[in-house]
Amino acid sequence: MKVTQEFVERMICPACRAKVRLKEDGSAIKCVGCRRVYPIEGEIIVMLPEKATIEDEDAAPSTA
Ligand SMILES: [Zn+2]
């Protein structure tokens, strides 16, 4: 089953319980609250806070 925006909209962030969104490239989902980014491995969403990375801006990956 492919991960779709519709599917993702039914999920919540396990860290802060805000909504999550599918990233444009479909590679991950992102929390609208705490901005954690959860990877999608194959077609499985890895909703684990310890697997998440935190992104400040959509198009600005941290290089620090
Ligand atoms: Zn969150």
# chains A, B, ... in the order shown; residues from 1 in each chain; ligands from 1
call {"tool": "closest_atom_pairs", "arguments": {"of": "chain A", "to": "ligand 1", "cutoff": "8 Å", "atoms": "only C-alpha atoms and all ligand atoms", "output": "tab-separated table"}}
result
residue	atom	partner	partner_atom_place_in_ligand_line	distance
A:Ile12	CA	ligand 1	1 (Zn)	7.7
A:Cys13	CA	ligand 1	1 (Zn)	4.6
A:Pro14	CA	ligand 1	1 (Zn)	6.6
A:Ala15	CA	ligand 1	1 (Zn)	5.0
A:Cys16	CA	ligand 1	1 (Zn)	4.2
A:Arg17	CA	ligand 1	1 (Zn)	5.9
A:Ala18	CA	ligand 1	1 (Zn)	5.3
A:Lys19	CA	ligand 1	1 (Zn)	7.3
A:Val20	CA	ligand 1	1 (Zn)	7.5
A:Lys30	CA	ligand 1	1 (Zn)	7.9
A:Cys31	CA	ligand 1	1 (Zn)	4.7
A:Val32	CA	ligand 1	1 (Zn)	6.5
A:Gly33	CA	ligand 1	1 (Zn)	4.8
A:Cys34	CA	ligand 1	1 (Zn)	4.0
A:Arg35	CA	ligand 1	1 (Zn)	5.9
A:Arg36	CA	ligand 1	1 (Zn)	5.7
call {"tool": "write_last_selection", "arguments": {"atoms": "N, CA and C atoms", "output": "PDB file, in the first residue's frame"}}
result
ATOM      1  N   ILE A  12      -1.165  10.996  13.798  1.00  0.00           N
ATOM      2  CA  ILE A  12      -0.667  12.108  14.596  1.00  0.00           C
ATOM      3  C   ILE A  12       0.768  11.831  15.001  1.00  0.00           C
ATOM      4  N   CYS A  13       1.461  12.893  15.280  1.00  0.00           N
ATOM      5  CA  CYS A  13       2.843  12.785  15.729  1.00  0.00           C
ATOM      6  C   CYS A  13       2.884  12.119  17.104  1.00  0.00           C
ATOM      7  N   PRO A  14       3.679  11.082  17.271  1.00  0.00           N
ATOM      8  CA  PRO A  14       3.762  10.418  18.580  1.00  0.00           C
ATOM      9  C   PRO A  14       4.482  11.261  19.626  1.00  0.00           C
ATOM     10  N   ALA A  15       5.216  12.253  19.180  1.00  0.00           N
ATOM     11  CA  ALA A  15       5.958  13.076  20.125  1.00  0.00           C
ATOM     12  C   ALA A  15       5.096  14.203  20.699  1.00  0.00           C
ATOM     13  N   CYS A  16       4.315  14.861  19.840  1.00  0.00           N
ATOM     14  CA  CYS A  16       3.569  16.031  20.326  1.00  0.00           C
ATOM     15  C   CYS A  16       2.079  15.965  20.001  1.00  0.00           C
ATOM     16  N   ARG A  17       1.665  14.945  19.274  1.00  0.00           N
ATOM     17  CA  ARG A  17       0.256  14.709  18.935  1.00  0.00           C
ATOM     18  C   ARG A  17      -0.336  15.761  18.004  1.00  0.00           C
ATOM     19  N   ALA A  18       0.523  16.435  17.274  1.00  0.00           N
ATOM     20  CA  ALA A  18       0.034  17.338  16.233  1.00  0.00           C
ATOM     21  C   ALA A  18      -0.166  16.539  14.948  1.00  0.00           C
ATOM     22  N   LYS A  19      -0.739  17.206  13.957  1.00  0.00           N
ATOM     23  CA  LYS A  19      -0.922  16.549  12.665  1.00  0.00           C
ATOM     24  C   LYS A  19       0.415  16.395  11.944  1.00  0.00           C
ATOM     25  N   VAL A  20       0.422  15.450  11.034  1.00  0.00           N
ATOM     26  CA  VAL A  20       1.606  15.240  10.207  1.00  0.00           C
ATOM     27  C   VAL A  20       1.218  15.373   8.734  1.00  0.00           C
ATOM     28  N   LYS A  30       6.155  14.756   7.910  1.00  0.00           N
ATOM     29  CA  LYS A  30       6.645  15.810   8.775  1.00  0.00           C
ATOM     30  C   LYS A  30       5.544  16.293   9.697  1.00  0.00           C
ATOM     31  N   CYS A  31       5.883  16.453  10.956  1.00  0.00           N
ATOM     32  CA  CYS A  31       4.945  16.963  11.940  1.00  0.00           C
ATOM     33  C   CYS A  31       4.809  18.477  11.785  1.00  0.00           C
ATOM     34  N   VAL A  32       3.576  18.959  11.798  1.00  0.00           N
ATOM     35  CA  VAL A  32       3.369  20.397  11.674  1.00  0.00           C
ATOM     36  C   VAL A  32       3.607  21.111  13.004  1.00  0.00           C
ATOM     37  N   GLY A  33       3.653  20.336  14.094  1.00  0.00           N
ATOM     38  CA  GLY A  33       3.855  20.925  15.412  1.00  0.00           C
ATOM     39  C   GLY A  33       5.322  21.058  15.765  1.00  0.00           C
ATOM     40  N   CYS A  34       5.979  19.914  15.975  1.00  0.00           N
ATOM     41  CA  CYS A  34       7.362  19.940  16.449  1.00  0.00           C
ATOM     42  C   CYS A  34       8.373  19.835  15.302  1.00  0.00           C
ATOM     43  N   ARG A  35       7.873  19.689  14.064  1.00  0.00           N
ATOM     44  CA  ARG A  35       8.710  19.627  12.853  1.00  0.00           C
ATOM     45  C   ARG A  35       9.605  18.398  12.806  1.00  0.00           C
ATOM     46  N   ARG A  36       9.264  17.395  13.550  1.00  0.00           N
ATOM     47  CA  ARG A  36       9.992  16.139  13.389  1.00  0.00           C
ATOM     48  C   ARG A  36       9.654  15.551  12.024  1.00  0.00           C
TER      49      ARG A  36
END
call {"tool": "residues_around", "arguments": {"residues": "Leu22 in chain A", "least_positions_apart": "2", "cutoff": "10 Å", "atoms": "only C-alpha atoms", "output": "list in words"}}
result
Val3, Thr4, Gln5, Glu6, Phe7, Val8, Glu9, Val20, Glu24, Asp25, Gly26, Ser27, Ala28, Ile29, Lys30, Cys31, Val37, Tyr38 and Ile40 of chain A
call {"tool": "write_last_selection", "arguments": {"atoms": "N, CA and C atoms", "output": "mmCIF file, in the first residue's frame"}}
result
data_model
loop_
_atom_site.group_PDB
_atom_site.id
_atom_site.type_symbol
_atom_site.label_atom_id
_atom_site.label_comp_id
_atom_site.auth_asym_id
_atom_site.auth_seq_id
_atom_site.Cartn_x
_atom_site.Cartn_y
_atom_site.Cartn_z
ATOM 1 N N VAL A 3 1.868 5.062 0.582
ATOM 2 C CA VAL A 3 1.568 6.092 1.569
ATOM 3 C C VAL A 3 1.022 7.316 0.835
ATOM 4 N N THR A 4 -0.170 7.717 1.200
ATOM 5 C CA THR A 4 -0.792 8.870 0.552
ATOM 6 C C THR A 4 -1.044 9.970 1.586
ATOM 7 N N GLN A 5 -1.273 11.164 1.089
ATOM 8 C CA GLN A 5 -1.596 12.284 1.973
ATOM 9 C C GLN A 5 -2.852 11.981 2.798
ATOM 10 N N GLU A 6 -3.818 11.351 2.140
ATOM 11 C CA GLU A 6 -5.067 11.025 2.815
ATOM 12 C C GLU A 6 -4.830 10.088 4.004
ATOM 13 N N PHE A 7 -3.961 9.124 3.790
ATOM 14 C CA PHE A 7 -3.616 8.173 4.849
ATOM 15 C C PHE A 7 -2.875 8.878 5.985
ATOM 16 N N VAL A 8 -1.934 9.713 5.611
ATOM 17 C CA VAL A 8 -1.108 10.417 6.593
ATOM 18 C C VAL A 8 -1.951 11.357 7.458
ATOM 19 N N GLU A 9 -2.997 11.922 6.864
ATOM 20 C CA GLU A 9 -3.835 12.866 7.606
ATOM 21 C C GLU A 9 -4.556 12.235 8.791
ATOM 22 N N VAL A 20 0.422 15.450 11.034
ATOM 23 C CA VAL A 20 1.606 15.240 10.207
ATOM 24 C C VAL A 20 1.218 15.373 8.734
ATOM 25 N N GLU A 24 6.627 16.531 0.047
ATOM 26 C CA GLU A 24 6.319 16.620 -1.384
ATOM 27 C C GLU A 24 6.918 15.478 -2.183
ATOM 28 N N ASP A 25 8.102 15.053 -1.823
ATOM 29 C CA ASP A 25 8.742 13.976 -2.576
ATOM 30 C C ASP A 25 8.321 12.579 -2.086
ATOM 31 N N GLY A 26 7.463 12.553 -1.063
ATOM 32 C CA GLY A 26 6.941 11.278 -0.592
ATOM 33 C C GLY A 26 7.939 10.445 0.191
ATOM 34 N N SER A 27 9.067 11.033 0.567
ATOM 35 C CA SER A 27 10.123 10.259 1.215
ATOM 36 C C SER A 27 9.968 10.188 2.725
ATOM 37 N N ALA A 28 9.100 11.026 3.268
ATOM 38 C CA ALA A 28 8.991 11.123 4.717
ATOM 39 C C ALA A 28 7.701 11.854 5.064
ATOM 40 N N ILE A 29 7.350 11.814 6.342
ATOM 41 C CA ILE A 29 6.257 12.646 6.795
ATOM 42 C C ILE A 29 6.788 13.604 7.839
ATOM 43 N N LYS A 30 6.155 14.756 7.910
ATOM 44 C CA LYS A 30 6.645 15.810 8.775
ATOM 45 C C LYS A 30 5.544 16.293 9.697
ATOM 46 N N CYS A 31 5.883 16.453 10.956
ATOM 47 C CA CYS A 31 4.945 16.963 11.940
ATOM 48 C C CYS A 31 4.809 18.477 11.785
ATOM 49 N N VAL A 37 10.654 14.953 11.424
ATOM 50 C CA VAL A 37 10.467 14.303 10.128
ATOM 51 C C VAL A 37 10.664 12.804 10.325
ATOM 52 N N TYR A 38 9.624 12.060 10.019
ATOM 53 C CA TYR A 38 9.655 10.613 10.170
ATOM 54 C C TYR A 38 9.907 9.968 8.816
ATOM 55 N N ILE A 40 10.029 7.353 5.692
ATOM 56 C CA ILE A 40 9.218 6.273 5.138
ATOM 57 C C ILE A 40 10.191 5.277 4.525
#
call {"tool": "atom_distance", "arguments": {"atom1": "CA of Lys2 in chain A", "atom2": "CA of Arg21 in chain A"}}
result
14.6 Å
call {"tool": "select_by_dssp", "arguments": {"residues": "chain A", "states": "alpha helix (DSSP H)", "output": "list in words"}}
result
Gln5, Glu6, Phe7 and Val8 of chain A
call {"tool": "write_last_selection", "arguments": {"atoms": "N, CA and C atoms", "output": "PDB file, in the first residue's frame"}}
result
ATOM      1  N   GLN A   5      -1.273  11.164   1.089  1.00  0.00           N
ATOM      2  CA  GLN A   5      -1.596  12.284   1.973  1.00  0.00           C
ATOM      3  C   GLN A   5      -2.852  11.981   2.798  1.00  0.00           C
ATOM      4  N   GLU A   6      -3.818  11.351   2.140  1.00  0.00           N
ATOM      5  CA  GLU A   6      -5.067  11.025   2.815  1.00  0.00           C
ATOM      6  C   GLU A   6      -4.830  10.088   4.004  1.00  0.00           C
ATOM      7  N   PHE A   7      -3.961   9.124   3.790  1.00  0.00           N
ATOM      8  CA  PHE A   7      -3.616   8.173   4.849  1.00  0.00           C
ATOM      9  C   PHE A   7      -2.875   8.878   5.985  1.00  0.00           C
ATOM     10  N   VAL A   8      -1.934   9.713   5.611  1.00  0.00           N
ATOM     11  CA  VAL A   8      -1.108  10.417   6.593  1.00  0.00           C
ATOM     12  C   VAL A   8      -1.951  11.357   7.458  1.00  0.00           C
TER      13      VAL A   8
END
call {"tool": "atom_distance", "arguments": {"atom1": "CA of Lys51 in chain A", "atom2": "CA of Met11 in chain A"}}
result
16.5 Å
call {"tool": "select_by_dssp", "arguments": {"residues": "chain A", "states": "strand (DSSP E)", "output": "MDAnalysis selection string"}}
result
chainID A and resid 20:22 28:31 36:41 44:45 53:54
call {"tool": "write_last_selection", "arguments": {"atoms": "C-alpha atoms", "output": "PDB file, in the first residue's frame"}}
result
ATOM      1  CA  VAL A  20       1.606  15.240  10.207  1.00  0.00           C
ATOM      2  CA  ARG A  21       1.988  15.836   6.497  1.00  0.00           C
ATOM      3  CA  LEU A  22       3.469  13.868   3.674  1.00  0.00           C
ATOM      4  CA  ALA A  28       8.991  11.123   4.717  1.00  0.00           C
ATOM      5  CA  ILE A  29       6.257  12.646   6.795  1.00  0.00           C
ATOM      6  CA  LYS A  30       6.645  15.810   8.775  1.00  0.00           C
ATOM      7  CA  CYS A  31       4.945  16.963  11.940  1.00  0.00           C
ATOM      8  CA  ARG A  36       9.992  16.139  13.389  1.00  0.00           C
ATOM      9  CA  VAL A  37      10.467  14.303  10.128  1.00  0.00           C
ATOM     10  CA  TYR A  38       9.655  10.613  10.170  1.00  0.00           C
ATOM     11  CA  PRO A  39      11.212   8.523   7.423  1.00  0.00           C
ATOM     12  CA  ILE A  40       9.218   6.273   5.138  1.00  0.00           C
ATOM     13  CA  GLU A  41      11.101   3.042   4.574  1.00  0.00           C
ATOM     14  CA  ILE A  44       6.266   1.763   6.039  1.00  0.00           C
ATOM     15  CA  ILE A  45       6.122   4.999   7.982  1.00  0.00           C
ATOM     16  CA  THR A  53      15.012  14.150  12.543  1.00  0.00           C
ATOM     17  CA  ILE A  54      14.002  17.731  13.274  1.00  0.00           C
TER      18      ILE A  54
END
